[in-house]
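To start, the structure itself, in structure tokens.
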Number of protein chains: 4
Amino acid sequence: MADNAWKTAVTAIAPNEIRVRGYRIDELMGRVSFGEAMYLILRGELPGEAVGKVMEAIIVASIDHGVTPPSALAVRNAATTGAPLNVCIAAGALAVNRHHGGAVEDCMKLLARGAARVAAGETAAAAAAALIADEKAAGRRLPGWGHRVHTDDPRSRRLLALVAEAGVAGPHIAVAEAIAAELAKSGKKLPLNVDGAIAAVLADLGFASELANGFFILARTAGWMAHVAEEVAREKPMRRIDQAAAEYDGPPARALPGS
Amino acid sequence: MADNAWKTAVTAIAPNEIRVRGYRIDELMGRVSFGEAMYLILRGELPGEAVGKVMEAIIVASIDHGVTPPSALAVRNAATTGAPLNVCIAAGALAVNRHHGGAVEDCMKLLARGAARVAAGETAAAAAAALIADEKAAGRRLPGWGHRVHTDDPRSRRLLALVAEAGVAGPHIAVAEAIAAELAKSGKKLPLNVDGAIAAVLADLGFASELANGFFILARTAGWMAHVAEEVAREKPMRRIDQAAAEYDGPPARALPGS
Amino acid sequence: MADNAWKTAVTAIAPNEIRVRGYRIDELMGRVSFGEAMYLILRGELPGEAVGKVMEAIIVASIDHGVTPPSALAVRNAATTGAPLNVCIAAGALAVNRHHGGAVEDCMKLLARGAARVAAGETAAAAAAALIADEKAAGRRLPGWGHRVHTDDPRSRRLLALVAEAGVAGPHIAVAEAIAAELAKSGKKLPLNVDGAIAAVLADLGFASELANGFFILARTAGWMAHVAEEVAREKPMRRIDQAAAEYDGPPARALPGS
Amino acid sequence: MADNAWKTAVTAIAPNEIRVRGYRIDELMGRVSFGEAMYLILRGELPGEAVGKVMEAIIVASIDHGVTPPSALAVRNAATTGAPLNVCIAAGALAVNRHHGGAVEDCMKLLARGAARVAAGETAAAAAAALIADEKAAGRRLPGWGHRVHTDDPRSRRLLALVAEAGVAGPHIAVAEAIAAELAKSGKKLPLNVDGAIAAVLADLGFASELANGFFILARTAGWMAHVAEEVAREKPMRRIDQAAAEYDGPPARALPGS
């Protein structure tokens, strides 16, 4: 064996046969959703159908947030200089850091501490109160609560409802809800935001916190593609982009067919 | 109106309400697949169910190809230097260029020329022969045919079968199949590869060729996440990575439950 | 010899000995300027002293242009999300594309066409007139002339003066000056900008046009470092950056000591 | 004043006048070296001539290390996929992280702790011994000592000699040398590497440790440009790059003219 030999357990490649975690990719195509395939490649096994639906909901929730986030500015700014699409997307990914998207990872770590306390015998409410006190004492903001725009983030509510329906809620969601209840008591407007809800769900599904911003980047790539296409179609190159000066002129508010 | 005012039709943001192309994102969650949401944000309207399934199949097909592609090396090489996940993903996206992933875009342009000939009255077979002759005369390789590893790419076959089933095949697929038939006549082993198949399908669905590598990057981000997680878990930092020295040691070949 | 063997002529590494193009790097340190070392590594030989000074002037000219260029926005926008310095710099490099920085490469190609005409016997004036007519007929803007802010770019004038002093001006500069003269005749305010001047000089020094934006990125990295440091020191994370709202409050205008 | 107004002290832009930290850029061109200009833009004032020479030596020392570092692989791997130059450079910058290039920043922080002990009255030798013990107790490797290839890094020796000559050595270099002496006593082959030497010098010059990897990226961009040019000129696209299989075939070892 060569001294630089190494192993991989992700995908096996042979002539005319590609197997992801043991399954033929052409068998997966048309039979599993992308959310299920994503779970498979990251965890090694296919999820049940309920978890697959939650995976899809997480990435649908993250698909876009308009032109206001710094990653949207990064993508459009790259586009206005004439960058090809892959460069625009990379520019977007490079804007997903500690202060933008990073709250999911931080919140997962916070909730893991809470879940450990619950596992050690505390109630979720006691664990929540302890976490809030710890973060306050350390001078840190709670990652996953509060939002610049939304006082009641519709994505969080919907995601937690889907998870409850799917029956896959666990201790991390319990702690997140206990924190929300504790914060509500003190009268602060700090609702669980989409980062916090996704963090709680990913943690209950068993994902490592180090993967958190990957879900965001993957999903948001679809939004970034739309922003690049629009920038190229509607704007002149080398324009100075002021996010605050954008106005929505797309399809009017409408309900989903059949909903 | 400020002189730097501009318009966007992608996503409307209001307090507690996020609408993608007019639909509330929390209504989309749990009701449409990610493939459907991706189609919506890029095209402005929800696709029918059949097209939604084709969208999902395209991104499932692109989720990974093991450690051999240069983008996988880019991602693992970034990881071995200690890069955070978003940087590893950006490194992967930056390796998707003309020679890697770019064949989808080039093939879409080729097939558009073929479809134009068919629309002008030629048969698909005549258009195919003309395109092959043109590319040969120009000293260019046909983008979308041939593969370093696969002589009969299982992803292409499966994707075209799903599209046929969905009833959404159009003139670009017809031209692609005519080119394949023409190449087979001359005895060359140049099967339609996954890039070519995806190109034909995206073109028939009406996507602009400029978006092509975005689908690849989005889907492959899931694979890249798996490679980063594995690199960090199994390897020492600052290792010299020889792609040819990798050996698969994951789950053995297995069939999908119920397939 | 292994079948994947390959050659490199840039730098030889042996224990305790690093040789760039044959010279020990520790001998180069303190004896050659960075401009000379850069010329050496790119061209294979040390330049004369005069060319070394021109190299330094090119990169000093490119070190910064304040907060207005899209690359400065890219860098600061990355910084406001909490990106580490290398990511901010990469974000800047990814904003250097066709419409920003790309004029150097395009201008080098234009001037090469002009120099070829001169080599074939035309006067510089005739070549200039022909190039202007060609670009006009093709509906293209002359790359390297005109500037959003400067009607008489001080960097161009100074660089050409230094090159004249160094005695290294050649046919590309002659064509560039002939184009400027021709444009002046028609009364258009299209002065040679810094991109055009650098293009002419790099071309006369024999650099390939494909390297052009590398000089810009290398030099501007120093400016980007200053912008990142300032952003972190003076601003809050996640701010919305409007380039038009910036005001200079640094050292007042001052003359160089001894100049 | 608009509520999004902000200040910058780096560069003032007015029509036909560009001032970096108050000095006209066209006056700087030809009169200061790039090292001096870089010091100016980062620190706000021009350095003396001796410091300017040290700045140039730092970036000359960092210009390249052949094809072995992961950043060189990142750059060449991007090039083999057909990436444009700015993307190759960005790929290189994204490979400069904690384990590659990051030792400069970590070493600066270590030496700052040592310098603080010396300022509080300890001898450099005592501070060095304490730092070594602390790092050992914490299970950390000393950042800036030891090298995969060099047992006596020629760049470190040369840089410290130039700094001594320039008379700008300070407490950080003193601590670094005391650590080296302490390590030598214990018989370990852990020489001060180039990262450590640059760290000591930058710290004595008063630079913030957060800027450390920027110097490396800026200087190495020249090397990366040479690697991209060579990759494109000598190799086929989409090759699998094994760093261990490279052989040097450039100019033979030679002495600097006049040295």
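Residue numbering restarts at 1 in every chain; chains get A, B, ... in the order shown in the structure tokens, and ligands count up from 1 in that same order.
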
Compile a residue-level contact table for chain C against chain D at a cut-off of 6 Å, reporting for every qualifying residue the shortest atom pair and its distance in Å to one decimal, with only C-alpha atoms counted, rows ordered by chain and ascending number, as CSV.
```
residue,atom,partner,partner_atom,distance
C:Ala5,CA,D:Ala245,CA,4.7
C:Trp6,CA,D:Ala246,CA,4.9
C:Lys7,CA,D:Glu247,CA,4.8
C:Thr8,CA,D:Tyr248,CA,4.9
C:Ala9,CA,D:Gly250,CA,3.7
C:Thr11,CA,D:Gly66,CA,4.7
C:Ala12,CA,D:Tyr248,CA,5.9
C:Pro15,CA,D:His150,CA,4.8
C:Asn16,CA,D:His150,CA,4.7
C:Arg21,CA,D:Pro251,CA,5.6
C:Gly22,CA,D:Ala253,CA,4.4
C:Tyr23,CA,D:Arg254,CA,5.6
C:Asp26,CA,D:Arg155,CA,5.3
C:Met29,CA,D:Ala57,CA,4.8
C:Gly30,CA,D:Ala57,CA,5.3
C:Phe34,CA,D:Val60,CA,5.6
C:Met38,CA,D:Ala222,CA,5.9
C:Leu42,CA,D:Ala226,CA,5.2
C:Glu56,CA,D:Phe34,CA,5.9
C:Ala57,CA,D:Met29,CA,4.8
C:Val60,CA,D:Phe34,CA,5.6
C:Gly66,CA,D:Thr11,CA,4.7
C:Asn86,CA,D:Ala93,CA,5.7
C:Ala90,CA,D:Ala90,CA,4.5
C:Ala93,CA,D:Asn86,CA,5.7
C:Val149,CA,D:Pro15,CA,5.4
C:His150,CA,D:Asn16,CA,4.7
C:Asp152,CA,D:Asn16,CA,5.7
C:Asp153,CA,D:Asn16,CA,5.4
C:Pro154,CA,D:Asn16,CA,5.9
C:Arg155,CA,D:Asp26,CA,5.3
C:Arg158,CA,D:Asp26,CA,5.8
C:Leu218,CA,D:Leu218,CA,5.4
C:Thr221,CA,D:Leu218,CA,5.9
C:Ala222,CA,D:Met38,CA,5.9
C:Ala226,CA,D:Leu42,CA,5.2
C:Ala245,CA,D:Ala5,CA,4.7
C:Ala246,CA,D:Trp6,CA,4.9
C:Glu247,CA,D:Lys7,CA,4.8
C:Tyr248,CA,D:Thr8,CA,4.9
C:Asp249,CA,D:Ala9,CA,5.0
C:Gly250,CA,D:Ala9,CA,3.6
C:Pro251,CA,D:Gly22,CA,5.1
C:Pro252,CA,D:Gly22,CA,5.2
C:Ala253,CA,D:Gly22,CA,4.4
C:Arg254,CA,D:Gly22,CA,5.4
```

Margin query: I want to know what sits within 7 Å of Cys107 in chain A, based on only C-alpha atoms, with residues of the same chain fewer than 3 positions away left out; could you give that as a ChimeraX atom specification?
Written below: /A:103-104,110-111,143-144,196,199

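When CA of Val75 in chain B is paired with CA of Pro237 in chain D, their separation reads 18.6 Å.
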
Apply DSSP to the backbone of this structure and, from range 54-238 of chain B, keep only the residues in alpha helix (DSSP H); write these as a compact mmCIF listing (two decimals) with N, CA and C atoms, in the first residue's frame.
```txt
# COMPACT_ATOMS: atom_id res chain seq x y z
N VAL B 54 -38.55 16.04 -12.26
CA VAL B 54 -37.36 16.08 -13.12
C VAL B 54 -36.30 16.99 -12.50
N MET B 55 -36.74 18.13 -11.95
CA MET B 55 -35.80 19.04 -11.27
C MET B 55 -35.07 18.31 -10.15
N GLU B 56 -35.82 17.57 -9.33
CA GLU B 56 -35.21 16.84 -8.23
C GLU B 56 -34.23 15.79 -8.76
N ALA B 57 -34.60 15.12 -9.84
CA ALA B 57 -33.72 14.09 -10.39
C ALA B 57 -32.41 14.69 -10.89
N ILE B 58 -32.49 15.90 -11.47
CA ILE B 58 -31.28 16.56 -11.97
C ILE B 58 -30.31 16.84 -10.82
N ILE B 59 -30.84 17.33 -9.72
CA ILE B 59 -29.90 17.66 -8.64
C ILE B 59 -29.47 16.41 -7.86
N VAL B 60 -30.35 15.42 -7.76
CA VAL B 60 -29.89 14.16 -7.15
C VAL B 60 -28.76 13.56 -8.00
N ALA B 61 -28.89 13.61 -9.32
CA ALA B 61 -27.85 13.06 -10.21
C ALA B 61 -26.50 13.74 -10.02
N PRO B 70 -11.82 17.55 -9.89
CA PRO B 70 -11.01 18.63 -9.33
C PRO B 70 -11.74 19.44 -8.26
N SER B 71 -13.06 19.52 -8.35
CA SER B 71 -13.76 20.27 -7.31
C SER B 71 -13.69 19.54 -5.97
N ALA B 72 -13.70 18.21 -5.99
CA ALA B 72 -13.55 17.46 -4.73
C ALA B 72 -12.16 17.67 -4.16
N LEU B 73 -11.16 17.71 -5.02
CA LEU B 73 -9.80 17.99 -4.54
C LEU B 73 -9.73 19.39 -3.94
N ALA B 74 -10.33 20.36 -4.62
CA ALA B 74 -10.32 21.74 -4.14
C ALA B 74 -10.91 21.82 -2.73
N VAL B 75 -12.01 21.13 -2.54
CA VAL B 75 -12.73 21.17 -1.26
C VAL B 75 -11.91 20.50 -0.16
N ARG B 76 -11.36 19.34 -0.44
CA ARG B 76 -10.57 18.62 0.58
C ARG B 76 -9.25 19.34 0.85
N ASN B 77 -8.66 19.91 -0.18
CA ASN B 77 -7.41 20.63 0.01
C ASN B 77 -7.63 21.86 0.90
N ALA B 78 -8.77 22.55 0.71
CA ALA B 78 -9.10 23.67 1.59
C ALA B 78 -9.29 23.16 3.02
N ALA B 79 -9.99 22.04 3.15
CA ALA B 79 -10.27 21.49 4.48
C ALA B 79 -8.98 21.12 5.20
N THR B 80 -8.00 20.59 4.48
CA THR B 80 -6.77 20.15 5.14
C THR B 80 -5.94 21.34 5.65
N LEU B 85 -16.17 25.64 6.77
CA LEU B 85 -16.97 24.96 5.74
C LEU B 85 -17.33 25.87 4.57
N ASN B 86 -17.73 27.13 4.85
CA ASN B 86 -18.16 27.98 3.74
C ASN B 86 -17.00 28.23 2.77
N VAL B 87 -15.78 28.29 3.31
CA VAL B 87 -14.62 28.49 2.44
C VAL B 87 -14.34 27.23 1.61
N CYS B 88 -14.51 26.07 2.21
CA CYS B 88 -14.33 24.83 1.44
C CYS B 88 -15.33 24.77 0.29
N ILE B 89 -16.57 25.14 0.57
CA ILE B 89 -17.60 25.12 -0.48
C ILE B 89 -17.26 26.13 -1.57
N ALA B 90 -16.84 27.33 -1.17
CA ALA B 90 -16.46 28.34 -2.17
C ALA B 90 -15.31 27.83 -3.02
N ALA B 91 -14.35 27.15 -2.39
CA ALA B 91 -13.23 26.59 -3.16
C ALA B 91 -13.74 25.59 -4.18
N GLY B 92 -14.74 24.80 -3.80
CA GLY B 92 -15.34 23.86 -4.75
C GLY B 92 -16.00 24.60 -5.91
N ALA B 93 -16.79 25.61 -5.59
CA ALA B 93 -17.48 26.38 -6.64
C ALA B 93 -16.48 27.01 -7.60
N GLY B 102 -18.48 22.88 -17.01
CA GLY B 102 -18.82 23.84 -18.07
C GLY B 102 -19.46 23.20 -19.29
N ALA B 103 -19.35 21.88 -19.41
CA ALA B 103 -19.91 21.22 -20.59
C ALA B 103 -21.42 21.36 -20.65
N VAL B 104 -22.07 21.50 -19.49
CA VAL B 104 -23.53 21.65 -19.52
C VAL B 104 -23.90 22.92 -20.29
N GLU B 105 -23.24 24.02 -19.92
CA GLU B 105 -23.54 25.29 -20.60
C GLU B 105 -23.22 25.20 -22.09
N ASP B 106 -22.04 24.68 -22.41
CA ASP B 106 -21.65 24.58 -23.82
C ASP B 106 -22.61 23.69 -24.60
N CYS B 107 -23.03 22.58 -23.97
CA CYS B 107 -23.93 21.66 -24.65
C CYS B 107 -25.29 22.31 -24.85
N MET B 108 -25.75 23.10 -23.87
CA MET B 108 -27.03 23.78 -24.05
C MET B 108 -26.98 24.71 -25.26
N LYS B 109 -25.85 25.38 -25.44
CA LYS B 109 -25.73 26.28 -26.59
C LYS B 109 -25.70 25.49 -27.90
N LEU B 110 -25.01 24.36 -27.87
CA LEU B 110 -24.96 23.50 -29.06
C LEU B 110 -26.37 23.00 -29.42
N LEU B 111 -27.09 22.53 -28.41
CA LEU B 111 -28.42 21.98 -28.67
C LEU B 111 -29.39 23.08 -29.11
N ALA B 112 -29.17 24.30 -28.63
CA ALA B 112 -30.03 25.41 -29.07
C ALA B 112 -29.84 25.65 -30.56
N ARG B 113 -28.57 25.53 -31.01
CA ARG B 113 -28.35 25.66 -32.46
C ARG B 113 -29.07 24.55 -33.21
N GLY B 114 -29.01 23.34 -32.65
CA GLY B 114 -29.70 22.21 -33.29
C GLY B 114 -31.21 22.41 -33.31
N ALA B 115 -31.75 22.85 -32.18
CA ALA B 115 -33.20 23.05 -32.10
C ALA B 115 -33.66 24.12 -33.08
N ALA B 116 -32.80 25.14 -33.27
CA ALA B 116 -33.14 26.20 -34.22
C ALA B 116 -33.21 25.63 -35.65
N ARG B 117 -32.28 24.73 -35.95
CA ARG B 117 -32.31 24.10 -37.29
C ARG B 117 -33.58 23.28 -37.46
N VAL B 118 -33.96 22.55 -36.41
CA VAL B 118 -35.18 21.74 -36.49
C VAL B 118 -36.40 22.66 -36.65
N ALA B 119 -36.40 23.75 -35.89
CA ALA B 119 -37.53 24.69 -35.99
C ALA B 119 -37.61 25.28 -37.39
N ALA B 124 -34.21 16.17 -37.11
CA ALA B 124 -33.25 16.11 -36.02
C ALA B 124 -31.98 15.42 -36.50
N ALA B 125 -32.11 14.40 -37.31
CA ALA B 125 -30.93 13.66 -37.80
C ALA B 125 -30.04 14.57 -38.64
N ALA B 126 -30.65 15.33 -39.52
CA ALA B 126 -29.86 16.25 -40.36
C ALA B 126 -29.18 17.32 -39.51
N ALA B 127 -29.94 17.85 -38.56
CA ALA B 127 -29.36 18.87 -37.67
C ALA B 127 -28.18 18.29 -36.90
N ALA B 128 -28.35 17.06 -36.40
CA ALA B 128 -27.29 16.40 -35.63
C ALA B 128 -26.03 16.24 -36.49
N ALA B 129 -26.21 15.76 -37.69
CA ALA B 129 -25.05 15.56 -38.58
C ALA B 129 -24.36 16.89 -38.85
N ALA B 130 -25.15 17.94 -39.06
CA ALA B 130 -24.56 19.25 -39.33
C ALA B 130 -23.77 19.77 -38.14
N LEU B 131 -24.33 19.60 -36.94
CA LEU B 131 -23.63 20.07 -35.73
C LEU B 131 -22.31 19.32 -35.55
N ILE B 132 -22.35 18.01 -35.73
CA ILE B 132 -21.13 17.20 -35.58
C ILE B 132 -20.08 17.68 -36.58
N ALA B 133 -20.50 17.90 -37.80
CA ALA B 133 -19.55 18.36 -38.83
C ALA B 133 -18.99 19.74 -38.49
N ASP B 134 -19.87 20.64 -38.04
CA ASP B 134 -19.44 22.00 -37.67
C ASP B 134 -18.38 21.95 -36.57
N GLU B 135 -18.66 21.18 -35.52
CA GLU B 135 -17.75 21.14 -34.37
C GLU B 135 -16.42 20.51 -34.79
N LYS B 136 -16.49 19.49 -35.64
CA LYS B 136 -15.27 18.85 -36.12
C LYS B 136 -14.44 19.85 -36.93
N ALA B 137 -15.12 20.56 -37.81
CA ALA B 137 -14.43 21.55 -38.65
C ALA B 137 -13.77 22.63 -37.80
N PRO B 154 -24.81 5.91 -16.40
CA PRO B 154 -26.12 5.47 -15.91
C PRO B 154 -27.05 6.64 -15.57
N ARG B 155 -26.46 7.80 -15.26
CA ARG B 155 -27.28 8.96 -14.90
C ARG B 155 -28.01 9.50 -16.12
N SER B 156 -27.34 9.45 -17.28
CA SER B 156 -27.97 9.97 -18.51
C SER B 156 -29.18 9.13 -18.87
N ARG B 157 -28.96 7.84 -18.90
CA ARG B 157 -30.05 6.94 -19.27
C ARG B 157 -31.25 7.15 -18.37
N ARG B 158 -30.97 7.19 -17.06
CA ARG B 158 -32.06 7.32 -16.09
C ARG B 158 -32.78 8.66 -16.24
N LEU B 159 -32.03 9.72 -16.42
CA LEU B 159 -32.64 11.03 -16.52
C LEU B 159 -33.55 11.11 -17.74
N LEU B 160 -33.06 10.59 -18.87
CA LEU B 160 -33.89 10.65 -20.08
C LEU B 160 -35.14 9.79 -19.92
N ALA B 161 -35.01 8.66 -19.21
CA ALA B 161 -36.19 7.82 -18.98
C ALA B 161 -37.21 8.57 -18.12
N LEU B 162 -36.74 9.26 -17.09
CA LEU B 162 -37.66 10.01 -16.23
C LEU B 162 -38.35 11.14 -16.99
N VAL B 163 -37.60 11.76 -17.87
CA VAL B 163 -38.16 12.86 -18.66
C VAL B 163 -39.21 12.33 -19.63
N ALA B 164 -38.91 11.19 -20.22
CA ALA B 164 -39.88 10.59 -21.15
C ALA B 164 -41.17 10.26 -20.40
N GLU B 165 -40.99 9.65 -19.22
CA GLU B 165 -42.13 9.31 -18.36
C GLU B 165 -42.96 10.55 -18.01
N ALA B 166 -42.24 11.64 -17.73
CA ALA B 166 -42.93 12.88 -17.34
C ALA B 166 -43.56 13.57 -18.54
N PRO B 171 -37.49 19.44 -28.24
CA PRO B 171 -36.57 19.38 -29.39
C PRO B 171 -35.09 19.26 -28.99
N HIS B 172 -34.68 19.77 -27.84
CA HIS B 172 -33.27 19.68 -27.47
C HIS B 172 -32.89 18.24 -27.18
N ILE B 173 -33.78 17.52 -26.48
CA ILE B 173 -33.52 16.10 -26.23
C ILE B 173 -33.53 15.34 -27.55
N ALA B 174 -34.45 15.70 -28.45
CA ALA B 174 -34.49 15.03 -29.75
C ALA B 174 -33.18 15.20 -30.49
N VAL B 175 -32.64 16.41 -30.46
CA VAL B 175 -31.36 16.64 -31.13
C VAL B 175 -30.24 15.87 -30.43
N ALA B 176 -30.25 15.86 -29.11
CA ALA B 176 -29.22 15.13 -28.36
C ALA B 176 -29.26 13.65 -28.72
N GLU B 177 -30.46 13.10 -28.82
CA GLU B 177 -30.57 11.68 -29.16
C GLU B 177 -30.17 11.43 -30.61
N ALA B 178 -30.44 12.38 -31.46
CA ALA B 178 -30.01 12.23 -32.86
C ALA B 178 -28.49 12.30 -32.98
N ILE B 179 -27.87 13.16 -32.18
CA ILE B 179 -26.41 13.21 -32.19
C ILE B 179 -25.84 11.87 -31.71
N ALA B 180 -26.44 11.33 -30.64
CA ALA B 180 -25.98 10.04 -30.13
C ALA B 180 -26.10 8.95 -31.20
N ALA B 181 -27.21 8.96 -31.91
CA ALA B 181 -27.42 7.95 -32.96
C ALA B 181 -26.38 8.12 -34.06
N GLU B 182 -26.13 9.35 -34.43
CA GLU B 182 -25.16 9.64 -35.50
C GLU B 182 -23.76 9.18 -35.08
N LEU B 183 -23.40 9.47 -33.83
CA LEU B 183 -22.08 9.08 -33.33
C LEU B 183 -21.96 7.56 -33.28
N ALA B 184 -23.05 6.89 -32.89
CA ALA B 184 -23.03 5.43 -32.81
C ALA B 184 -22.77 4.82 -34.18
N LYS B 185 -23.38 5.43 -35.20
CA LYS B 185 -23.18 4.95 -36.58
C LYS B 185 -21.71 4.90 -36.95
N VAL B 194 -23.59 12.70 -18.37
CA VAL B 194 -24.61 13.33 -17.52
C VAL B 194 -24.70 14.83 -17.80
N ASP B 195 -23.58 15.46 -18.16
CA ASP B 195 -23.62 16.88 -18.52
C ASP B 195 -24.53 17.09 -19.73
N GLY B 196 -24.36 16.24 -20.73
CA GLY B 196 -25.15 16.36 -21.95
C GLY B 196 -26.63 16.12 -21.67
N ALA B 197 -26.92 15.11 -20.86
CA ALA B 197 -28.32 14.80 -20.57
C ALA B 197 -28.97 15.94 -19.79
N ILE B 198 -28.25 16.45 -18.79
CA ILE B 198 -28.81 17.57 -18.02
C ILE B 198 -28.99 18.79 -18.92
N ALA B 199 -28.03 19.02 -19.80
CA ALA B 199 -28.13 20.15 -20.73
C ALA B 199 -29.39 20.04 -21.58
N ALA B 200 -29.63 18.85 -22.13
CA ALA B 200 -30.79 18.67 -23.00
C ALA B 200 -32.09 18.91 -22.22
N VAL B 201 -32.13 18.40 -20.99
CA VAL B 201 -33.35 18.54 -20.20
C VAL B 201 -33.57 20.00 -19.77
N LEU B 202 -32.51 20.62 -19.26
CA LEU B 202 -32.66 22.03 -18.84
C LEU B 202 -33.09 22.89 -20.03
N ALA B 203 -32.52 22.61 -21.20
CA ALA B 203 -32.89 23.41 -22.38
C ALA B 203 -34.36 23.18 -22.74
N ASP B 204 -34.80 21.93 -22.67
CA ASP B 204 -36.21 21.67 -22.98
C ASP B 204 -37.15 22.27 -21.93
N LEU B 205 -36.65 22.40 -20.69
CA LEU B 205 -37.48 23.04 -19.66
C LEU B 205 -37.46 24.56 -19.79
N ALA B 212 -26.53 27.15 -16.06
CA ALA B 212 -26.23 25.72 -16.01
C ALA B 212 -25.33 25.32 -14.86
N ASN B 213 -24.19 25.99 -14.69
CA ASN B 213 -23.31 25.44 -13.66
C ASN B 213 -23.81 25.69 -12.24
N GLY B 214 -24.82 26.54 -12.09
CA GLY B 214 -25.42 26.74 -10.77
C GLY B 214 -26.13 25.49 -10.24
N PHE B 215 -26.79 24.76 -11.13
CA PHE B 215 -27.45 23.52 -10.70
C PHE B 215 -26.42 22.53 -10.17
N PHE B 216 -25.31 22.44 -10.90
CA PHE B 216 -24.23 21.53 -10.50
C PHE B 216 -23.66 21.94 -9.14
N ILE B 217 -23.36 23.22 -9.00
CA ILE B 217 -22.75 23.70 -7.76
C ILE B 217 -23.70 23.49 -6.58
N LEU B 218 -24.98 23.84 -6.78
CA LEU B 218 -25.96 23.68 -5.71
C LEU B 218 -26.01 22.22 -5.25
N ALA B 219 -26.18 21.32 -6.19
CA ALA B 219 -26.32 19.91 -5.82
C ALA B 219 -25.04 19.37 -5.22
N ARG B 220 -23.92 19.69 -5.84
CA ARG B 220 -22.64 19.15 -5.40
C ARG B 220 -22.22 19.68 -4.02
N THR B 221 -22.81 20.81 -3.62
CA THR B 221 -22.53 21.33 -2.28
C THR B 221 -22.81 20.26 -1.22
N ALA B 222 -23.84 19.47 -1.43
CA ALA B 222 -24.14 18.38 -0.48
C ALA B 222 -22.98 17.39 -0.45
N GLY B 223 -22.49 17.01 -1.63
CA GLY B 223 -21.34 16.10 -1.68
C GLY B 223 -20.11 16.73 -1.03
N TRP B 224 -19.88 17.98 -1.33
CA TRP B 224 -18.71 18.67 -0.76
C TRP B 224 -18.79 18.69 0.77
N MET B 225 -20.01 18.90 1.30
CA MET B 225 -20.17 18.88 2.76
C MET B 225 -19.74 17.52 3.32
N ALA B 226 -20.12 16.47 2.63
CA ALA B 226 -19.75 15.12 3.08
C ALA B 226 -18.23 14.93 3.01
N HIS B 227 -17.61 15.45 1.97
CA HIS B 227 -16.15 15.30 1.84
C HIS B 227 -15.42 16.10 2.92
N VAL B 228 -15.91 17.29 3.21
CA VAL B 228 -15.26 18.08 4.26
C VAL B 228 -15.40 17.38 5.61
N ALA B 229 -16.59 16.90 5.91
CA ALA B 229 -16.81 16.22 7.19
C ALA B 229 -15.89 15.00 7.30
N GLU B 230 -15.77 14.26 6.22
CA GLU B 230 -14.92 13.07 6.24
C GLU B 230 -13.44 13.44 6.37
N GLU B 231 -13.04 14.46 5.64
CA GLU B 231 -11.63 14.90 5.70
C GLU B 231 -11.26 15.27 7.13
N VAL B 232 -12.13 16.05 7.77
CA VAL B 232 -11.84 16.50 9.13
C VAL B 232 -11.85 15.33 10.12
N ALA B 233 -12.79 14.40 9.89
CA ALA B 233 -12.94 13.30 10.85
C ALA B 233 -11.82 12.25 10.71
N ARG B 234 -11.35 12.03 9.48
CA ARG B 234 -10.47 10.88 9.26
C ARG B 234 -9.02 11.22 8.97
```

Next item on the list: Any chance you could list, as a ChimeraX atom specification, the residues in range 19-203 of chain C that come up strand (DSSP E or B) when DSSP is run on the backbone?
Entry: /C:19-20,23-24,65,67,145,192

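For the pair CA of Thr81 in chain A and CA of Arg98 in chain C, the interatomic distance is 6.4 Å.
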